[in-house]
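Q: File data25.txt below, compact mmCIF, C-alpha atoms:
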```
# COMPACT_ATOMS: atom_id res chain seq x y z
CA MET A 1 20.43 20.29 -27.45
CA ASP A 2 19.78 16.99 -25.73
CA HIS A 3 21.86 15.21 -28.37
CA GLN A 4 24.82 17.57 -27.89
CA LEU A 5 24.61 17.10 -24.14
CA ARG A 6 24.67 13.33 -24.52
CA LEU A 7 27.73 13.60 -26.75
CA LEU A 8 29.42 15.85 -24.20
CA ALA A 9 28.51 13.48 -21.35
CA ASP A 10 29.92 10.59 -23.33
CA TRP A 11 33.18 12.45 -23.97
CA ILE A 12 33.56 13.40 -20.30
CA SER A 13 32.87 9.86 -19.14
CA LYS A 14 35.76 8.63 -21.29
CA THR A 15 38.36 10.96 -19.76
CA ALA A 16 41.02 9.60 -17.41
CA LEU A 17 39.82 11.83 -14.58
CA SER A 18 36.26 10.63 -14.87
CA ASN A 19 37.37 7.02 -14.88
CA TRP A 20 39.62 7.51 -11.89
CA PHE A 21 36.81 9.18 -9.88
CA ALA A 22 34.46 6.37 -10.82
CA SER A 23 36.96 3.71 -9.84
CA GLN A 24 37.40 5.02 -6.30
CA GLU A 25 34.40 4.02 -4.19
CA TRP A 26 34.88 6.89 -1.75
CA VAL A 27 34.97 9.81 -4.21
CA VAL A 28 31.26 10.38 -4.83
CA PRO A 29 30.02 9.78 -1.24
CA THR A 30 32.77 12.00 0.19
CA SER A 31 32.09 14.71 -2.38
CA GLN A 32 28.37 14.48 -1.63
CA SER A 33 28.96 14.70 2.12
CA ILE A 34 31.04 17.86 1.69
CA HIS A 35 28.29 19.08 -0.64
CA ILE A 36 25.69 18.53 2.10
CA ILE A 37 27.83 20.33 4.69
CA CYS A 38 28.06 23.36 2.40
CA VAL A 39 24.32 23.18 1.69
CA ALA A 40 23.89 23.39 5.46
CA ILE A 41 26.05 26.50 5.67
CA VAL A 42 24.10 28.19 2.88
CA PHE A 43 20.64 27.11 4.02
CA GLY A 44 21.26 27.82 7.70
CA SER A 45 22.35 31.34 6.80
CA VAL A 46 19.51 31.92 4.33
CA LEU A 47 16.89 30.64 6.78
CA MET A 48 18.13 32.82 9.63
CA ILE A 49 18.21 35.97 7.48
CA SER A 50 14.83 35.23 5.85
CA LEU A 51 13.02 34.58 9.12
CA ARG A 52 14.45 37.81 10.53
CA LEU A 53 13.26 39.78 7.49
CA LEU A 54 9.82 38.16 7.78
CA GLY A 55 9.62 39.13 11.42
CA VAL A 56 9.14 35.48 12.43
CA SER A 57 12.15 35.70 14.70
CA ALA A 58 13.58 38.81 16.20
CA SER A 59 16.63 38.96 18.36
CA GLY A 60 19.99 40.30 19.32
CA ARG A 61 22.03 41.43 16.41
CA PRO A 62 20.80 43.97 13.81
CA VAL A 63 19.72 42.46 10.49
CA SER A 64 22.49 44.33 8.66
CA GLN A 65 25.09 42.75 10.91
CA VAL A 66 23.62 39.28 10.41
CA VAL A 67 23.64 39.73 6.60
CA GLN A 68 27.16 41.13 6.53
CA THR A 69 28.45 38.31 8.76
CA LEU A 70 26.75 35.48 6.90
CA ALA A 71 26.93 36.59 3.24
CA PRO A 72 30.67 35.83 2.85
CA TRP A 73 30.07 32.34 4.19
CA ILE A 74 27.29 31.81 1.66
CA TYR A 75 29.67 32.73 -1.15
CA ARG A 76 32.49 30.55 0.19
CA ALA A 77 30.13 27.60 0.57
CA LEU A 78 28.83 28.15 -2.98
CA ILE A 79 32.37 27.90 -4.33
CA VAL A 80 32.91 24.56 -2.57
CA LEU A 81 29.47 23.44 -3.78
CA LEU A 82 30.56 24.23 -7.34
CA ILE A 83 33.76 22.22 -6.86
CA THR A 84 32.07 19.17 -5.32
CA GLY A 85 29.24 19.40 -7.85
CA THR A 86 31.82 19.40 -10.65
CA VAL A 87 33.52 16.32 -9.21
CA GLN A 88 30.17 14.53 -9.09
CA THR A 89 29.29 15.61 -12.64
CA ILE A 90 32.68 14.57 -14.02
CA THR A 91 32.15 11.16 -12.44
CA GLU A 92 28.60 10.71 -13.74
CA PRO A 93 27.98 13.31 -16.46
CA LEU A 94 24.98 11.71 -18.15
CA ARG A 95 23.07 11.58 -14.88
CA GLN A 96 23.18 15.37 -14.61
CA PHE A 97 23.01 16.45 -18.23
CA VAL A 98 19.86 14.60 -19.32
CA THR A 99 17.85 15.47 -16.20
CA PRO A 100 15.77 18.68 -16.46
CA GLU A 101 15.84 19.04 -12.67
CA PHE A 102 19.61 19.58 -12.90
CA TRP A 103 19.21 22.49 -15.31
CA TRP A 104 16.36 24.04 -13.30
CA LYS A 105 18.67 23.83 -10.28
CA MET A 106 21.52 25.60 -12.12
CA PHE A 107 19.13 28.29 -13.34
CA MET A 108 17.72 28.85 -9.85
CA ILE A 109 21.22 29.01 -8.33
CA ILE A 110 22.17 31.83 -10.68
CA ILE A 111 19.04 33.78 -9.77
CA ALA A 112 19.45 33.08 -6.05
CA LEU A 113 23.09 34.18 -6.19
CA GLY A 114 22.06 37.41 -7.91
CA LEU A 115 19.42 38.03 -5.25
CA THR A 116 22.00 37.41 -2.52
CA LEU A 117 24.36 39.98 -4.02
CA TRP A 118 21.45 42.42 -4.33
CA LEU A 119 20.48 41.88 -0.69
CA GLU A 120 24.01 42.43 0.55
CA ARG A 121 24.36 45.69 -1.34
CA LYS A 122 20.88 46.91 -0.41
CA VAL A 123 21.40 46.23 3.29
CA ARG A 124 24.88 47.78 3.29
CA ASN A 125 23.61 51.01 1.70
CA ASN A 126 20.40 51.23 3.75
CA ALA A 127 21.44 49.59 7.02
CA ALA A 128 19.46 51.91 9.30
CA GLU A 129 16.21 51.34 7.40
CA TRP A 130 16.59 47.57 7.15
CA ASP A 131 17.55 47.25 10.83
CA ALA A 132 14.41 48.93 12.12
CA PRO A 133 11.41 46.58 11.65
CA ASP A 134 9.03 49.50 11.28
CA ARG A 135 11.17 51.24 8.66
CA ARG A 136 12.13 48.17 6.65
CA PRO A 137 10.82 48.38 3.06
CA ALA A 138 7.76 46.24 2.33
CA SER A 139 9.73 44.54 -0.43
CA ALA A 140 11.99 43.00 2.22
CA ARG A 141 9.30 40.46 3.14
CA LEU A 142 8.58 39.59 -0.49
CA PHE A 143 12.31 39.25 -1.05
CA ALA A 144 12.66 36.88 1.90
CA VAL A 145 9.84 34.63 0.68
CA VAL A 146 11.17 34.44 -2.90
CA TRP A 147 14.80 34.00 -1.82
CA LEU A 148 14.01 31.27 0.72
CA ALA A 149 11.65 29.51 -1.73
CA LEU A 150 14.39 29.50 -4.37
CA TRP A 151 16.93 27.86 -2.08
CA ILE A 152 14.38 25.25 -0.97
CA GLY A 153 13.62 24.64 -4.65
CA ILE A 154 17.33 24.27 -5.39
CA ILE A 155 17.70 21.67 -2.65
CA TYR A 156 14.56 19.85 -3.81
CA CYS A 157 15.80 19.67 -7.40
CA GLY A 158 19.21 18.55 -6.23
CA ARG A 159 17.62 15.67 -4.33
CA PHE A 160 15.29 14.68 -7.11
CA ILE A 161 18.08 14.37 -9.68
CA GLY A 162 19.13 11.21 -7.89
CA TYR A 163 15.66 9.74 -8.13
CA VAL A 164 14.49 10.69 -11.61
CA TRP A 165 17.61 10.70 -13.78
CA SER A 166 17.18 7.11 -14.89
CA PHE A 167 13.82 7.99 -16.43
CA TYR A 168 15.58 10.27 -18.92
CA THR A 169 18.44 8.09 -20.16
CA MET P 1 29.52 -9.86 17.36
CA ALA P 2 27.73 -9.36 20.63
CA PHE P 3 26.31 -6.02 19.53
CA ASP P 4 24.70 -7.54 16.43
CA ALA P 5 23.16 -10.23 18.61
CA LEU P 6 21.68 -7.50 20.77
CA ILE P 7 20.10 -5.85 17.74
CA LYS P 8 18.86 -9.20 16.43
CA HIS P 9 16.91 -9.49 19.64
CA PHE P 10 14.74 -6.60 18.44
CA ASP P 11 14.26 -7.94 14.91
CA PRO P 12 10.72 -9.27 15.49
CA LEU P 13 9.65 -5.92 16.92
CA MET P 14 11.19 -4.02 14.02
CA ARG P 15 9.63 -6.27 11.41
CA SER P 16 6.23 -5.69 12.96
CA ILE P 17 6.85 -1.92 12.82
CA GLU P 18 7.58 -2.29 9.12
CA ASP P 19 4.11 -3.81 8.74
CA TRP P 20 2.38 -0.74 10.12
CA PRO P 21 0.08 0.92 7.56
CA VAL P 22 1.98 4.23 7.81
CA ALA P 23 5.24 2.44 7.01
CA SER P 24 3.64 0.78 4.02
CA VAL P 25 2.27 4.07 2.72
CA ILE P 26 5.63 5.83 3.02
CA ARG P 27 7.38 2.91 1.36
CA GLY P 28 4.98 3.39 -1.53
CA ASP P 29 3.85 -0.23 -1.49
CA SER P 30 0.57 0.44 -3.25
CA GLY P 31 -0.16 4.16 -3.51
CA TRP P 32 1.86 7.29 -4.24
CA PRO P 33 5.54 6.34 -4.61
CA TRP P 34 6.98 9.73 -3.64
CA TRP P 35 6.33 9.85 0.10
CA PHE P 36 9.78 8.60 1.05
CA VAL P 37 11.61 10.99 -1.28
CA ASN P 38 9.68 14.01 -0.03
CA ILE P 39 10.19 13.06 3.62
CA GLU P 40 13.87 12.54 2.87
CA THR P 41 14.07 16.07 1.41
CA VAL P 42 12.44 17.51 4.55
CA HIS P 43 15.10 15.54 6.44
CA VAL P 44 17.86 17.14 4.33
CA LEU P 45 16.42 20.65 4.83
CA SER P 46 16.18 20.16 8.58
CA LEU P 47 19.63 18.58 8.97
CA ALA P 48 21.03 21.45 6.92
CA THR P 49 19.46 23.85 9.42
CA VAL P 50 20.77 21.86 12.41
CA PHE P 51 24.31 21.81 11.11
CA GLY P 52 24.26 25.30 9.63
CA SER P 53 23.09 26.79 12.93
CA ILE P 54 25.25 24.70 15.24
CA ILE P 55 28.38 25.51 13.29
CA MET P 56 27.75 29.22 13.88
CA VAL P 57 27.81 28.67 17.63
CA ASP P 58 30.72 26.20 17.50
CA LEU P 59 32.89 28.53 15.43
CA ARG P 60 32.09 31.31 17.91
CA LEU P 61 33.15 29.01 20.78
CA LEU P 62 36.37 28.45 18.88
CA GLY P 63 36.73 32.23 18.56
CA ILE P 64 36.90 32.04 14.77
CA VAL P 65 33.76 33.98 13.78
CA SER P 66 31.47 36.68 15.21
CA ARG P 67 34.14 37.48 17.77
CA ASN P 68 32.51 40.78 18.65
CA SER P 69 29.24 39.08 19.56
CA LYS P 70 28.68 37.75 23.05
CA VAL P 71 28.54 33.96 23.16
CA SER P 72 25.31 34.08 25.18
CA LYS P 73 23.56 36.42 22.74
CA LEU P 74 24.61 34.45 19.67
CA SER P 75 23.53 31.19 21.27
CA ALA P 76 20.17 32.63 22.30
CA GLU P 77 19.64 33.84 18.74
CA VAL P 78 20.69 30.65 16.95
CA LEU P 79 19.89 27.65 19.14
CA PRO P 80 16.07 27.82 18.81
CA TYR P 81 16.56 27.09 15.10
CA THR P 82 18.76 24.14 16.02
CA TRP P 83 16.19 22.61 18.31
CA ILE P 84 13.20 23.05 16.02
CA ALA P 85 15.20 21.72 13.07
CA PHE P 86 16.44 18.77 15.13
CA ALA P 87 12.88 17.85 16.07
CA THR P 88 11.88 17.99 12.40
CA ALA P 89 14.90 15.88 11.43
CA ALA P 90 14.04 13.35 14.14
CA ILE P 91 10.42 13.06 13.00
CA SER P 92 11.29 12.76 9.31
CA GLY P 93 14.08 10.33 10.17
CA THR P 94 11.72 8.15 12.18
CA LEU P 95 9.20 8.09 9.32
CA MET P 96 11.95 6.87 6.99
CA PHE P 97 13.30 4.40 9.55
CA ILE P 98 10.03 2.52 9.96
CA THR P 99 9.94 1.63 6.28
CA LYS P 100 12.98 -0.67 6.61
CA ALA P 101 13.55 -0.72 10.36
CA HIS P 102 15.52 -3.95 10.74
CA ILE P 103 17.71 -3.19 7.71
CA TYR P 104 18.68 0.23 9.05
CA ALA P 105 19.21 -1.10 12.57
CA HIS P 106 21.78 -3.62 11.32
CA ASN P 107 23.54 -1.08 9.12
CA LEU P 108 26.94 -0.08 10.55
CA ASN P 109 26.73 3.47 9.20
CA PHE P 110 23.31 3.90 10.83
CA GLN P 111 24.70 2.64 14.15
CA LEU P 112 27.72 4.95 13.95
CA LYS P 113 25.48 7.90 13.06
CA PHE P 114 23.50 7.41 16.25
CA LEU P 115 26.66 6.85 18.28
CA PHE P 116 28.04 10.18 17.01
CA MET P 117 24.73 11.93 17.75
CA PHE P 118 24.70 10.47 21.25
CA LEU P 119 28.27 11.68 21.82
CA ALA P 120 27.37 15.11 20.40
CA GLY P 121 24.47 15.23 22.85
CA CYS P 122 26.74 14.30 25.75
CA ASN P 123 29.22 16.96 24.69
CA MET P 124 26.44 19.52 24.58
CA LEU P 125 25.06 18.47 27.97
CA ILE P 126 28.45 18.60 29.70
CA PHE P 127 29.15 22.02 28.23
CA HIS P 128 25.73 23.49 29.06
CA LEU P 129 25.67 22.14 32.62
CA GLY P 130 29.25 23.21 33.20
CA LEU P 131 31.07 26.09 31.60
CA TYR P 132 27.99 27.58 29.96
CA ARG P 133 26.32 28.12 33.34
CA ARG P 134 28.95 30.81 33.90
CA VAL P 135 28.91 32.16 30.34
CA LEU P 136 28.26 35.74 31.45
CA GLN P 137 31.70 35.68 33.05
CA TRP P 138 33.51 34.78 29.83
CA ASP P 139 31.00 36.07 27.26
CA ASN P 140 33.46 38.47 25.65
CA ASP P 141 36.71 36.66 26.41
CA LEU P 142 39.08 36.03 23.54
CA PRO P 143 40.34 33.39 23.43
CA THR P 144 37.34 31.62 24.91
CA PRO P 145 38.00 29.22 27.82
CA THR P 146 39.69 25.97 26.84
CA GLY P 147 36.59 23.94 27.69
CA ALA P 148 34.50 26.05 25.33
CA ARG P 149 36.98 25.54 22.49
CA VAL P 150 37.07 21.79 23.12
CA ALA P 151 33.27 21.64 23.17
CA GLY P 152 33.04 23.62 19.93
CA ALA P 153 35.65 21.53 18.11
CA LEU P 154 34.15 18.23 19.28
CA SER P 155 30.71 19.38 18.25
CA ILE P 156 31.83 20.19 14.70
CA LEU P 157 33.74 16.91 14.35
CA LEU P 158 30.86 14.82 15.65
CA TRP P 159 28.19 16.48 13.51
CA VAL P 160 30.36 16.20 10.39
CA GLY P 161 30.60 12.53 11.29
CA VAL P 162 26.81 12.34 11.57
CA ILE P 163 26.44 13.84 8.08
CA PHE P 164 29.04 11.52 6.53
CA MET P 165 27.49 8.44 8.17
CA GLY P 166 24.02 9.60 7.18
CA ARG P 167 25.08 9.90 3.53
CA TRP P 168 26.72 6.46 3.60
CA ILE P 169 23.50 4.89 4.90
CA GLY P 170 21.93 5.87 1.60
CA PHE P 171 24.67 4.10 -0.29
CA THR P 172 24.57 0.92 1.75
CA THR P 173 20.87 0.16 2.21
```
Any chance you could put this one into structure tokens?

A:
Amino acid sequence: MDHQLRLLADWISKTALSNWFASQEWVVPTSQSIHIICVAIVFGSVLMISLRLLGVSASGRPVSQVVQTLAPWIYRALIVLLITGTVQTITEPLRQFVTPEFWWKMFMIIIALGLTLWLERKVRNNAAEWDAPDRRPASARLFAVVWLALWIGIIYCGRFIGYVWSFYT
Amino acid sequence: MAFDALIKHFDPLMRSIEDWPVASVIRGDSGWPWWFVNIETVHVLSLATVFGSIIMVDLRLLGIVSRNSKVSKLSAEVLPYTWIAFATAAISGTLMFITKAHIYAHNLNFQLKFLFMFLAGCNMLIFHLGLYRRVLQWDNDLPTPTGARVAGALSILLWVGVIFMGRWIGFTT
């Protein structure tokens, strides 16, 4: 598998697009900055929802309203994250492909996305229960911990790619 | 440039800060080499929370999102996150700064980052001491008062600038 990935990385790095991205000094930093902004949109939303579900913060708007307001923004930000991530990978494919942290990150994103979709549907169908702290299912707290931990793990792995990739080439 | 000369004046102080034991530990001079990276990740998580929360309020001030929520209620709900996250970002940032203080201080992107943060702070102060004092009067107004929209737009622009400059520091030090 590793060998195929190296071949694929090599092929990508020889494309015109990859070379053009690599030749422009501003491409990767700009893409990464947009990436960080979208991480902020996702993480800010996830943190606010999680802390509400854990009862750490309690205020104003019902939980169902917070989830329904923020979930679309999480999805939109994830799309832009995919685009900017693709730009960065096209520019430096080997860096991503040979690093296990990259693949753990992709795996965790898929799970986290699934959990987000589950949360949105669950809250929409059971809004009254989820809004009342005393009637909220016990699984809501477990969900919040796992969901938040996943996103923190995703961000951690994303950061570490930059530091450990050279060990794998 | 006169500004660089001003910073040079503090070089001896900054170099002595870099000699502090805590700076040496974080730099990984002799022990565990992963202090800096972990502190940097805490910095990323906290800046993500700062920006992610502030943009909710700013977009509300611009009347783009959460239009059926009162500005005062949304702010009261969100801004505590912003402050706690900012404090965490400031602490983690300081711990990273001391490892290469004089290098960061002379870095243009670092200087611009702090200029943008200072301006964002001024923007916030002017808004909170002015229009926001009377927020209950315009809490549900759409569009929001012009001053609120200006404050929201400036805030987003300045914090995006902080993020861009922050990322470029990493590429230039």

Q: Point out the residue among A:Glu101, A:Asp131, A:Asp10, A:Glu25 with the least atom-to-atom distance to chain P, counting only C-alpha atoms.

A: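 Looking at the shortest contact to chain P, the residue is A:Glu25.
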
Q: Set the cut-off to 8 Å and count all atoms listed in the file: what are the residues of chain P that reach chain A? Output as a PDB file with C-alpha atoms, in the frame of the given file.

A:
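The result, stored in part21.pdb:
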```
ATOM      1  CA  VAL P  37      11.610  10.990  -1.280  1.00  0.00           C
ATOM      2  CA  THR P  41      14.070  16.070   1.410  1.00  0.00           C
ATOM      3  CA  LEU P  45      16.420  20.650   4.830  1.00  0.00           C
ATOM      4  CA  LEU P  47      19.630  18.580   8.970  1.00  0.00           C
ATOM      5  CA  ALA P  48      21.030  21.450   6.920  1.00  0.00           C
ATOM      6  CA  THR P  49      19.460  23.850   9.420  1.00  0.00           C
ATOM      7  CA  VAL P  50      20.770  21.860  12.410  1.00  0.00           C
ATOM      8  CA  PHE P  51      24.310  21.810  11.110  1.00  0.00           C
ATOM      9  CA  GLY P  52      24.260  25.300   9.630  1.00  0.00           C
ATOM     10  CA  SER P  53      23.090  26.790  12.930  1.00  0.00           C
ATOM     11  CA  SER P  66      31.470  36.680  15.210  1.00  0.00           C
ATOM     12  CA  LYS P  73      23.560  36.420  22.740  1.00  0.00           C
ATOM     13  CA  LEU P  74      24.610  34.450  19.670  1.00  0.00           C
ATOM     14  CA  GLU P  77      19.640  33.840  18.740  1.00  0.00           C
ATOM     15  CA  VAL P 160      30.360  16.200  10.390  1.00  0.00           C
ATOM     16  CA  ILE P 163      26.440  13.840   8.080  1.00  0.00           C
ATOM     17  CA  PHE P 164      29.040  11.520   6.530  1.00  0.00           C
ATOM     18  CA  ARG P 167      25.080   9.900   3.530  1.00  0.00           C
ATOM     19  CA  TRP P 168      26.720   6.460   3.600  1.00  0.00           C
ATOM     20  CA  PHE P 171      24.670   4.100  -0.290  1.00  0.00           C
TER      21      PHE P 171
END
```

Q: I need the residue nearest Gly130 of chain P from this list: P:Trp35, P:Phe116, P:Ala151, P:Arg15. Use only C-alpha atoms for the distance.

A: P:Ala151

Q: Would you pick out the contacts of Leu131 of chain P at 8 Å or less, using only C-alpha atoms, so that residues sharing its chain but fewer than 3 positions from it are not included, and give the list as a list in words?

A: Phe127, His128, Arg134, Val135, Gly147 and Ala148 of chain P

Q: Take the residues from that selection and put them in a file with C-alpha atoms, as a PDB file, in the frame of the given file.

A:
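New file part.pdb:
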```
ATOM      1  CA  PHE P 127      29.150  22.020  28.230  1.00  0.00           C
ATOM      2  CA  HIS P 128      25.730  23.490  29.060  1.00  0.00           C
ATOM      3  CA  ARG P 134      28.950  30.810  33.900  1.00  0.00           C
ATOM      4  CA  VAL P 135      28.910  32.160  30.340  1.00  0.00           C
ATOM      5  CA  GLY P 147      36.590  23.940  27.690  1.00  0.00           C
ATOM      6  CA  ALA P 148      34.500  26.050  25.330  1.00  0.00           C
TER       7      ALA P 148
END
```

Q: Which residues are near Ile91 of chain P? Cut-off 10 Å, only C-alpha atoms, ignore same chain within fewer than 5 positions. Put them as a PyMOL selection string.

A: chain P and resi 39+42-43+85-86+96-97

Q: Work out how far apart atom CA of Leu119 of chain P and atom CA of Ser16 of chain P are and give it in Å to one decimal.

A: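 For atom CA of Leu119 of chain P relative to atom CA of Ser16 of chain P, the distance reads 29.4 Å.
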
Q: Enter the distance from atom CA of Phe3 of chain P to atom CA of Met117 of chain P, in Å, rounded to one decimal.

A: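 Between atom CA of Phe3 of chain P and atom CA of Met117 of chain P the gap is 18.1 Å.
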
Q: Measure the distance from atom CA of Ile26 of chain P to atom CA of Tyr104 of chain P in Å and round it to one decimal.

A: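 Between atom CA of Ile26 of chain P and atom CA of Tyr104 of chain P the gap works out to 15.4 Å.
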
Q: Measuring between all atoms listed in the file, which one of P:Ala2, P:Leu115, P:Leu154, P:Ala89 shows the shortest distance to Leu61 of chain P?

A: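 Closest to Leu61 of chain P, using all atoms listed in the file: P:Leu154.
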
Q: Extract, using all atoms listed in the file, all DNA, RNA and protein residues at most 12 Å from Leu17 of chain A, discarding same-chain residues fewer than 3 positions from it, and format them as a list in words.

A: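 Here the qualifying residues turn out to be Trp11, Ile12, Ser13, Lys14, Trp20, Phe21, Ala22, Ser23, Gln24, Val27, Thr86, Val87, Gln88, Thr89, Ile90, Thr91 and Glu92 of chain A.
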
Q: Smallest atom-to-atom distance to Ala76 of chain P: which of P:Leu95, P:Met56, P:Val162, P:Ala120, using all atoms listed in the file?

A: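 Looking only at the distances to Ala76 of chain P, the closest residue turns out to be P:Met56.
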